[in-house]
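Heads up: the structure comes next, in structure tokens.
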Amino acid sequence: MKFTIARRIVQLAVLGLFIAGNIYGLKILEGNLSSSLLFGKIGLSDPFAVLQAALAGLGVGSASVVGALIVLVFYALIAPRAYCSWVCPVNILTDTGAYLREKLGVKKSLLSLSRNSRYYLLVLTLVASGLFGILAFESVNYVGVFTRSVLALSWSAVTIAAVIIIFEIFAGNRILCSHLCPLGGFYAVASKFSLIRVHHDASKCTKCGKCKLVCPEVQVLDMVGKQNGKVSSECVSCGRCVEACEDDALNFSILGERK
């Protein structure tokens, strides 16, 4: 549970710092996940939103480009899809939906989609932005809508959270994050060469399968029980598999050095 607790602390701390900055004037983190100001001086921008704006021909300023590059390089280097499981507040809701789905014994899914759907939606988003001159994903970005509601301390955040959790329970297991979010696809592509990865030691693996039972992106563990290697950039770096593995066959590594 240590990684889950750490992730929740980080997710809530980010929201707390935004609220403290926006409402109470604490100049550590101001704005929101799309556009923010760090320590009152460093501008940060959502690289996916900036890319859409650039393709839409909406005139992206140099400050936004620099802010987007800072964020992109940070997430590209630190760990695969670290934004998805360590920062994005919707992850808390999808995890809650997955937990309730299991406890309620819901087996059927209203939607049956390939995990590649997020990449199709990623390409569609970028193409639509260029063709129609709009920020295609931003117009329906549930992450932004929910985050802004939370930061405004609005009761609408409760309604949005309930809708997302109910959708997750019945539509499919973690279907938003694993199948429908183009932002997740964007960070999976950007994380191809990230420094921190989960590494598998086949010599220690007993093929118990516990890691695959808890992994939200189970396809990244295809090497388990077969060969040494690091997981793909589709991993969300949540650490569930590391915690579940009692054989010490799975661990986080930095540039191949096990940690």
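For the structure tokens, the naming scheme is as follows: chains receive sequential letters (A, B, ...) according to their order of presentation, residues are indexed from 1 within each chain, and ligands are indexed from 1 in presentation order.
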Exercise. Extract the full set of strand (DSSP E) residues from range 6-245 of chain A according to DSSP on the backbone, and format it as a list in words.
Key: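 Across range 6-245 of chain A, those assigned strand (DSSP E) are Leu29, Glu30, Gly31, Ser35, Ser36, Leu37, Leu38, Ile42, Gly43, Leu44, Ser45, Ile196, Arg197, Val198, His199, His200, Gly229 and Lys230 of chain A.
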With a cut-off of 8 Å, could you pull out the residues of range 123-204 of chain A touching range 9-27 of chain A and give me the nearest pair of atoms for each, distance in Å to one decimal, using only C-alpha atoms, ordered by chain and ascending number, as CSV?
```
residue,atom,partner,partner_atom,distance
A:Val150,CA,A:Leu15,CA,7.9
A:Leu151,CA,A:Ile19,CA,5.4
A:Ala152,CA,A:Ile19,CA,7.6
```
Let's have the selection written as a PDB file, in the first residue's frame, with all heavy atoms.
```pdb
ATOM      1  N   VAL A 150     -13.049  21.218  -8.601  1.00  0.00           N
ATOM      2  CA  VAL A 150     -12.435  20.978  -7.291  1.00  0.00           C
ATOM      3  C   VAL A 150     -11.696  22.225  -6.816  1.00  0.00           C
ATOM      4  O   VAL A 150     -11.834  22.644  -5.652  1.00  0.00           O
ATOM      5  CB  VAL A 150     -11.457  19.789  -7.354  1.00  0.00           C
ATOM      6  CG1 VAL A 150     -10.666  19.677  -6.050  1.00  0.00           C
ATOM      7  CG2 VAL A 150     -12.200  18.495  -7.623  1.00  0.00           C
ATOM      8  N   LEU A 151     -10.940  22.846  -7.712  1.00  0.00           N
ATOM      9  CA  LEU A 151     -10.151  24.012  -7.325  1.00  0.00           C
ATOM     10  C   LEU A 151     -11.023  25.204  -6.984  1.00  0.00           C
ATOM     11  O   LEU A 151     -10.620  26.078  -6.210  1.00  0.00           O
ATOM     12  CB  LEU A 151      -9.179  24.385  -8.459  1.00  0.00           C
ATOM     13  CG  LEU A 151      -8.149  23.318  -8.838  1.00  0.00           C
ATOM     14  CD1 LEU A 151      -7.171  23.856  -9.867  1.00  0.00           C
ATOM     15  CD2 LEU A 151      -7.407  22.813  -7.611  1.00  0.00           C
ATOM     16  N   ALA A 152     -12.231  25.238  -7.555  1.00  0.00           N
ATOM     17  CA  ALA A 152     -13.174  26.314  -7.239  1.00  0.00           C
ATOM     18  C   ALA A 152     -14.002  25.982  -6.001  1.00  0.00           C
ATOM     19  O   ALA A 152     -14.850  26.774  -5.587  1.00  0.00           O
ATOM     20  CB  ALA A 152     -14.098  26.563  -8.431  1.00  0.00           C
TER      21      ALA A 152
END
```
Quiz item: Do you know which residues are at most 12 Å from Leu58 in chain A counting only C-alpha atoms, after dropping those on the same chain fewer than 5 positions away, and could you put them as an MDAnalysis selection string?
Solution: chainID A and resid 49:53 129:130 132:135
Write out the residues from the selection above, keeping N, CA and C atoms, as a PDB file, in the first residue's frame.
```pdb
ATOM      1  N   ALA A  49      -2.378  20.164 -24.678  1.00  0.00           N
ATOM      2  CA  ALA A  49      -3.260  21.284 -25.031  1.00  0.00           C
ATOM      3  C   ALA A  49      -2.534  22.271 -25.942  1.00  0.00           C
ATOM      4  N   VAL A  50      -1.261  22.523 -25.651  1.00  0.00           N
ATOM      5  CA  VAL A  50      -0.480  23.450 -26.476  1.00  0.00           C
ATOM      6  C   VAL A  50      -0.291  22.882 -27.882  1.00  0.00           C
ATOM      7  N   LEU A  51      -0.079  21.574 -27.974  1.00  0.00           N
ATOM      8  CA  LEU A  51       0.055  20.935 -29.285  1.00  0.00           C
ATOM      9  C   LEU A  51      -1.237  21.072 -30.084  1.00  0.00           C
ATOM     10  N   GLN A  52      -2.366  20.873 -29.428  1.00  0.00           N
ATOM     11  CA  GLN A  52      -3.651  21.043 -30.108  1.00  0.00           C
ATOM     12  C   GLN A  52      -3.822  22.483 -30.594  1.00  0.00           C
ATOM     13  N   ALA A  53      -3.459  23.428 -29.733  1.00  0.00           N
ATOM     14  CA  ALA A  53      -3.592  24.842 -30.089  1.00  0.00           C
ATOM     15  C   ALA A  53      -2.714  25.193 -31.280  1.00  0.00           C
ATOM     16  N   SER A 129      -8.190  18.873 -34.414  1.00  0.00           N
ATOM     17  CA  SER A 129      -7.694  20.207 -34.024  1.00  0.00           C
ATOM     18  C   SER A 129      -7.168  20.957 -35.235  1.00  0.00           C
ATOM     19  N   GLY A 130      -6.420  20.249 -36.088  1.00  0.00           N
ATOM     20  CA  GLY A 130      -5.859  20.880 -37.273  1.00  0.00           C
ATOM     21  C   GLY A 130      -6.902  21.212 -38.320  1.00  0.00           C
ATOM     22  N   PHE A 132     -10.311  21.595 -37.934  1.00  0.00           N
ATOM     23  CA  PHE A 132     -11.426  22.458 -37.549  1.00  0.00           C
ATOM     24  C   PHE A 132     -11.013  23.683 -36.731  1.00  0.00           C
ATOM     25  N   GLY A 133      -9.705  23.818 -36.459  1.00  0.00           N
ATOM     26  CA  GLY A 133      -9.229  24.994 -35.741  1.00  0.00           C
ATOM     27  C   GLY A 133      -9.716  25.086 -34.313  1.00  0.00           C
ATOM     28  N   ILE A 134      -9.843  23.925 -33.649  1.00  0.00           N
ATOM     29  CA  ILE A 134     -10.319  23.886 -32.264  1.00  0.00           C
ATOM     30  C   ILE A 134      -9.374  23.025 -31.431  1.00  0.00           C
ATOM     31  N   LEU A 135      -9.455  23.177 -30.128  1.00  0.00           N
ATOM     32  CA  LEU A 135      -8.739  22.282 -29.228  1.00  0.00           C
ATOM     33  C   LEU A 135      -9.678  21.110 -28.958  1.00  0.00           C
TER      34      LEU A 135
END
```
With the cut-off set at 8 Å and counting only C-alpha atoms, tabulate each residue of range 51-146 of chain A with an atom at most that distance from an atom of range 162-177 of chain A, showing the nearest atom pair and its distance in Å to one decimal, ordered by chain and increasing number, as JSON lines.
```
{"residue": "A:Cys84", "atom": "CA", "partner": "A:Cys177", "partner_atom": "CA", "distance": 7.9}
{"residue": "A:Asn91", "atom": "CA", "partner": "A:Cys177", "partner_atom": "CA", "distance": 7.5}
{"residue": "A:Leu93", "atom": "CA", "partner": "A:Ile165", "partner_atom": "CA", "distance": 5.7}
{"residue": "A:Thr94", "atom": "CA", "partner": "A:Arg174", "partner_atom": "CA", "distance": 5.6}
{"residue": "A:Asp95", "atom": "CA", "partner": "A:Arg174", "partner_atom": "CA", "distance": 7.1}
{"residue": "A:Thr96", "atom": "CA", "partner": "A:Ile165", "partner_atom": "CA", "distance": 6.7}
{"residue": "A:Gly97", "atom": "CA", "partner": "A:Ile165", "partner_atom": "CA", "distance": 4.6}
{"residue": "A:Ala98", "atom": "CA", "partner": "A:Asn173", "partner_atom": "CA", "distance": 5.7}
{"residue": "A:Leu100", "atom": "CA", "partner": "A:Ile169", "partner_atom": "CA", "distance": 6.7}
{"residue": "A:Arg101", "atom": "CA", "partner": "A:Ile169", "partner_atom": "CA", "distance": 4.7}
{"residue": "A:Val106", "atom": "CA", "partner": "A:Phe170", "partner_atom": "CA", "distance": 7.2}
{"residue": "A:Lys108", "atom": "CA", "partner": "A:Phe170", "partner_atom": "CA", "distance": 7.4}
{"residue": "A:Ser109", "atom": "CA", "partner": "A:Gly172", "partner_atom": "CA", "distance": 4.7}
{"residue": "A:Leu110", "atom": "CA", "partner": "A:Ala171", "partner_atom": "CA", "distance": 4.5}
{"residue": "A:Leu111", "atom": "CA", "partner": "A:Ala171", "partner_atom": "CA", "distance": 5.4}
{"residue": "A:Ser112", "atom": "CA", "partner": "A:Gly172", "partner_atom": "CA", "distance": 7.5}
```
Serialized selection, N, CA and C atoms, as a PDB file, in the first residue's frame:
```
ATOM      1  N   CYS A  84      -0.432  10.351 -15.060  1.00  0.00           N
ATOM      2  CA  CYS A  84      -1.711   9.644 -14.977  1.00  0.00           C
ATOM      3  C   CYS A  84      -2.019   9.099 -13.581  1.00  0.00           C
ATOM      4  N   ASN A  91      -7.678   9.894 -11.675  1.00  0.00           N
ATOM      5  CA  ASN A  91      -7.168   8.570 -11.316  1.00  0.00           C
ATOM      6  C   ASN A  91      -7.746   8.086  -9.988  1.00  0.00           C
ATOM      7  N   LEU A  93     -10.693   8.708  -8.927  1.00  0.00           N
ATOM      8  CA  LEU A  93     -12.074   8.296  -9.214  1.00  0.00           C
ATOM      9  C   LEU A  93     -12.117   6.962  -9.944  1.00  0.00           C
ATOM     10  N   THR A  94     -11.221   6.769 -10.917  1.00  0.00           N
ATOM     11  CA  THR A  94     -11.224   5.508 -11.651  1.00  0.00           C
ATOM     12  C   THR A  94     -10.782   4.348 -10.766  1.00  0.00           C
ATOM     13  N   ASP A  95      -9.844   4.600  -9.872  1.00  0.00           N
ATOM     14  CA  ASP A  95      -9.446   3.569  -8.910  1.00  0.00           C
ATOM     15  C   ASP A  95     -10.617   3.228  -7.982  1.00  0.00           C
ATOM     16  N   THR A  96     -11.354   4.256  -7.571  1.00  0.00           N
ATOM     17  CA  THR A  96     -12.527   4.035  -6.718  1.00  0.00           C
ATOM     18  C   THR A  96     -13.579   3.236  -7.470  1.00  0.00           C
ATOM     19  N   GLY A  97     -13.801   3.581  -8.736  1.00  0.00           N
ATOM     20  CA  GLY A  97     -14.760   2.848  -9.550  1.00  0.00           C
ATOM     21  C   GLY A  97     -14.361   1.392  -9.720  1.00  0.00           C
ATOM     22  N   ALA A  98     -13.060   1.140  -9.926  1.00  0.00           N
ATOM     23  CA  ALA A  98     -12.566  -0.229 -10.077  1.00  0.00           C
ATOM     24  C   ALA A  98     -12.749  -1.019  -8.785  1.00  0.00           C
ATOM     25  N   LEU A 100     -15.038  -0.446  -6.389  1.00  0.00           N
ATOM     26  CA  LEU A 100     -16.464  -0.704  -6.192  1.00  0.00           C
ATOM     27  C   LEU A 100     -16.984  -1.742  -7.179  1.00  0.00           C
ATOM     28  N   ARG A 101     -16.461  -1.704  -8.384  1.00  0.00           N
ATOM     29  CA  ARG A 101     -16.867  -2.689  -9.396  1.00  0.00           C
ATOM     30  C   ARG A 101     -16.548  -4.101  -8.909  1.00  0.00           C
ATOM     31  N   VAL A 106     -19.518  -6.741 -10.285  1.00  0.00           N
ATOM     32  CA  VAL A 106     -19.942  -6.414 -11.651  1.00  0.00           C
ATOM     33  C   VAL A 106     -18.957  -7.062 -12.623  1.00  0.00           C
ATOM     34  N   LYS A 108     -19.971  -7.783 -16.200  1.00  0.00           N
ATOM     35  CA  LYS A 108     -20.217  -7.332 -17.565  1.00  0.00           C
ATOM     36  C   LYS A 108     -19.803  -5.880 -17.741  1.00  0.00           C
ATOM     37  N   SER A 109     -19.434  -5.539 -18.957  1.00  0.00           N
ATOM     38  CA  SER A 109     -19.057  -4.164 -19.285  1.00  0.00           C
ATOM     39  C   SER A 109     -19.948  -3.648 -20.408  1.00  0.00           C
ATOM     40  N   LEU A 110     -20.375  -2.420 -20.274  1.00  0.00           N
ATOM     41  CA  LEU A 110     -21.224  -1.828 -21.307  1.00  0.00           C
ATOM     42  C   LEU A 110     -20.433  -1.539 -22.572  1.00  0.00           C
ATOM     43  N   LEU A 111     -19.129  -1.311 -22.412  1.00  0.00           N
ATOM     44  CA  LEU A 111     -18.269  -1.025 -23.555  1.00  0.00           C
ATOM     45  C   LEU A 111     -17.171  -2.068 -23.659  1.00  0.00           C
ATOM     46  N   SER A 112     -16.876  -2.464 -24.874  1.00  0.00           N
ATOM     47  CA  SER A 112     -15.779  -3.386 -25.125  1.00  0.00           C
ATOM     48  C   SER A 112     -14.847  -2.722 -26.135  1.00  0.00           C
TER      49      SER A 112
END
```
Practice problem: Might you pull out every residue within 8 Å of Ser232 in chain A, with only C-alpha atoms counted and same-chain residues fewer than 4 positions away left off, and present them as a list in words? | Solution: Pro80, Lys192 and Val220 of chain A
Quiz item: Please, which residues of range 3-68 of chain A, numbered as in this document, come out helix (DSSP H, G or I) from DSSP, as a VMD selection string?
Solution: chain A and resid 3 to 24 47 to 55 62 to 68
Keeping N, CA, C and O atoms, export the residues of the selection given above as a short mmCIF file (atom, residue, chain, number, x, y, z; two decimals), in the first residue's frame.
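Final output, saved to result.cif:
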```cif
data_model
loop_
_atom_site.label_atom_id
_atom_site.label_comp_id
_atom_site.auth_asym_id
_atom_site.auth_seq_id
_atom_site.Cartn_x
_atom_site.Cartn_y
_atom_site.Cartn_z
N PHE A 3 2.96 2.59 -2.09
CA PHE A 3 2.93 3.40 -3.31
C PHE A 3 1.57 4.06 -3.50
O PHE A 3 1.49 5.20 -3.96
N THR A 4 0.52 3.34 -3.18
CA THR A 4 -0.83 3.91 -3.30
C THR A 4 -1.00 5.09 -2.36
O THR A 4 -1.54 6.14 -2.75
N ILE A 5 -0.52 4.94 -1.13
CA ILE A 5 -0.60 6.04 -0.16
C ILE A 5 0.23 7.23 -0.66
O ILE A 5 -0.22 8.38 -0.60
N ALA A 6 1.42 6.95 -1.16
CA ALA A 6 2.28 8.03 -1.67
C ALA A 6 1.60 8.75 -2.84
O ALA A 6 1.65 9.98 -2.94
N ARG A 7 0.96 7.99 -3.73
CA ARG A 7 0.29 8.60 -4.88
C ARG A 7 -0.87 9.49 -4.44
O ARG A 7 -1.05 10.59 -4.96
N ARG A 8 -1.61 9.02 -3.47
CA ARG A 8 -2.74 9.83 -2.99
C ARG A 8 -2.25 11.11 -2.32
O ARG A 8 -2.85 12.17 -2.48
N ILE A 9 -1.16 11.01 -1.59
CA ILE A 9 -0.59 12.20 -0.95
C ILE A 9 -0.18 13.21 -2.00
O ILE A 9 -0.46 14.41 -1.89
N VAL A 10 0.49 12.75 -3.06
CA VAL A 10 0.94 13.65 -4.12
C VAL A 10 -0.26 14.26 -4.85
O VAL A 10 -0.29 15.48 -5.08
N GLN A 11 -1.24 13.44 -5.21
CA GLN A 11 -2.42 13.95 -5.92
C GLN A 11 -3.16 15.00 -5.11
O GLN A 11 -3.53 16.07 -5.63
N LEU A 12 -3.38 14.71 -3.83
CA LEU A 12 -4.11 15.66 -2.98
C LEU A 12 -3.26 16.89 -2.67
O LEU A 12 -3.80 18.00 -2.55
N ALA A 13 -1.95 16.70 -2.57
CA ALA A 13 -1.06 17.83 -2.31
C ALA A 13 -1.08 18.81 -3.48
O ALA A 13 -1.08 20.04 -3.29
N VAL A 14 -1.07 18.28 -4.71
CA VAL A 14 -1.12 19.14 -5.89
C VAL A 14 -2.41 19.96 -5.89
O VAL A 14 -2.40 21.18 -6.10
N LEU A 15 -3.53 19.31 -5.63
CA LEU A 15 -4.81 20.02 -5.57
C LEU A 15 -4.80 21.05 -4.44
O LEU A 15 -5.27 22.18 -4.60
N GLY A 16 -4.25 20.64 -3.29
CA GLY A 16 -4.20 21.54 -2.14
C GLY A 16 -3.36 22.77 -2.41
O GLY A 16 -3.72 23.89 -2.02
N LEU A 17 -2.23 22.59 -3.11
CA LEU A 17 -1.37 23.73 -3.43
C LEU A 17 -2.05 24.67 -4.42
O LEU A 17 -1.90 25.89 -4.32
N PHE A 18 -2.78 24.11 -5.37
CA PHE A 18 -3.52 24.95 -6.31
C PHE A 18 -4.58 25.77 -5.57
O PHE A 18 -4.74 26.97 -5.81
N ILE A 19 -5.31 25.12 -4.67
CA ILE A 19 -6.35 25.82 -3.90
C ILE A 19 -5.73 26.90 -3.04
O ILE A 19 -6.22 28.04 -2.96
N ALA A 20 -4.60 26.56 -2.39
CA ALA A 20 -3.92 27.53 -1.54
C ALA A 20 -3.41 28.71 -2.35
O ALA A 20 -3.43 29.86 -1.90
N GLY A 21 -2.96 28.44 -3.57
CA GLY A 21 -2.46 29.51 -4.42
C GLY A 21 -3.55 30.36 -5.02
O GLY A 21 -3.44 31.60 -5.06
N ASN A 22 -4.62 29.72 -5.48
CA ASN A 22 -5.70 30.44 -6.16
C ASN A 22 -6.59 31.22 -5.20
O ASN A 22 -7.06 32.32 -5.52
N ILE A 23 -6.83 30.65 -4.02
CA ILE A 23 -7.79 31.26 -3.09
C ILE A 23 -7.10 32.02 -1.96
O ILE A 23 -7.54 33.10 -1.56
N TYR A 24 -6.00 31.47 -1.47
CA TYR A 24 -5.38 32.05 -0.28
C TYR A 24 -4.06 32.75 -0.56
O TYR A 24 -3.39 33.22 0.36
N PRO A 47 1.30 20.25 -22.26
CA PRO A 47 1.87 20.10 -23.60
C PRO A 47 0.88 19.57 -24.63
O PRO A 47 0.96 19.94 -25.80
N PHE A 48 -0.05 18.72 -24.20
CA PHE A 48 -1.03 18.19 -25.13
C PHE A 48 -1.99 19.29 -25.60
O PHE A 48 -2.34 19.37 -26.79
N ALA A 49 -2.38 20.16 -24.68
CA ALA A 49 -3.26 21.28 -25.03
C ALA A 49 -2.53 22.27 -25.94
O ALA A 49 -3.12 22.79 -26.91
N VAL A 50 -1.26 22.52 -25.65
CA VAL A 50 -0.48 23.45 -26.48
C VAL A 50 -0.29 22.88 -27.88
O VAL A 50 -0.37 23.61 -28.88
N LEU A 51 -0.08 21.57 -27.97
CA LEU A 51 0.06 20.94 -29.28
C LEU A 51 -1.24 21.07 -30.08
O LEU A 51 -1.20 21.38 -31.29
N GLN A 52 -2.37 20.87 -29.43
CA GLN A 52 -3.65 21.04 -30.11
C GLN A 52 -3.82 22.48 -30.59
O GLN A 52 -4.28 22.72 -31.72
N ALA A 53 -3.46 23.43 -29.73
CA ALA A 53 -3.59 24.84 -30.09
C ALA A 53 -2.71 25.19 -31.28
O ALA A 53 -3.11 25.94 -32.18
N ALA A 54 -1.50 24.64 -31.30
CA ALA A 54 -0.58 24.91 -32.41
C ALA A 54 -1.13 24.35 -33.72
O ALA A 54 -1.08 25.01 -34.76
N LEU A 55 -1.66 23.12 -33.67
CA LEU A 55 -2.23 22.52 -34.87
C LEU A 55 -3.48 23.25 -35.33
O LEU A 55 -3.77 23.31 -36.53
N SER A 62 5.24 32.17 -26.99
CA SER A 62 6.51 31.54 -26.64
C SER A 62 6.52 31.06 -25.19
O SER A 62 7.11 30.02 -24.87
N ALA A 63 5.87 31.81 -24.30
CA ALA A 63 5.82 31.42 -22.89
C ALA A 63 5.09 30.09 -22.72
O ALA A 63 5.50 29.23 -21.92
N SER A 64 4.01 29.91 -23.47
CA SER A 64 3.25 28.66 -23.41
C SER A 64 4.07 27.50 -23.95
O SER A 64 4.03 26.39 -23.41
N VAL A 65 4.81 27.74 -25.02
CA VAL A 65 5.65 26.70 -25.61
C VAL A 65 6.74 26.27 -24.63
O VAL A 65 6.97 25.08 -24.41
N VAL A 66 7.40 27.25 -24.01
CA VAL A 66 8.45 26.93 -23.03
C VAL A 66 7.86 26.18 -21.84
O VAL A 66 8.42 25.18 -21.37
N GLY A 67 6.70 26.64 -21.35
CA GLY A 67 6.04 25.97 -20.23
C GLY A 67 5.65 24.55 -20.58
O GLY A 67 5.77 23.64 -19.75
N ALA A 68 5.20 24.34 -21.81
CA ALA A 68 4.82 23.00 -22.26
C ALA A 68 6.04 22.09 -22.37
O ALA A 68 5.98 20.91 -22.01
#
```
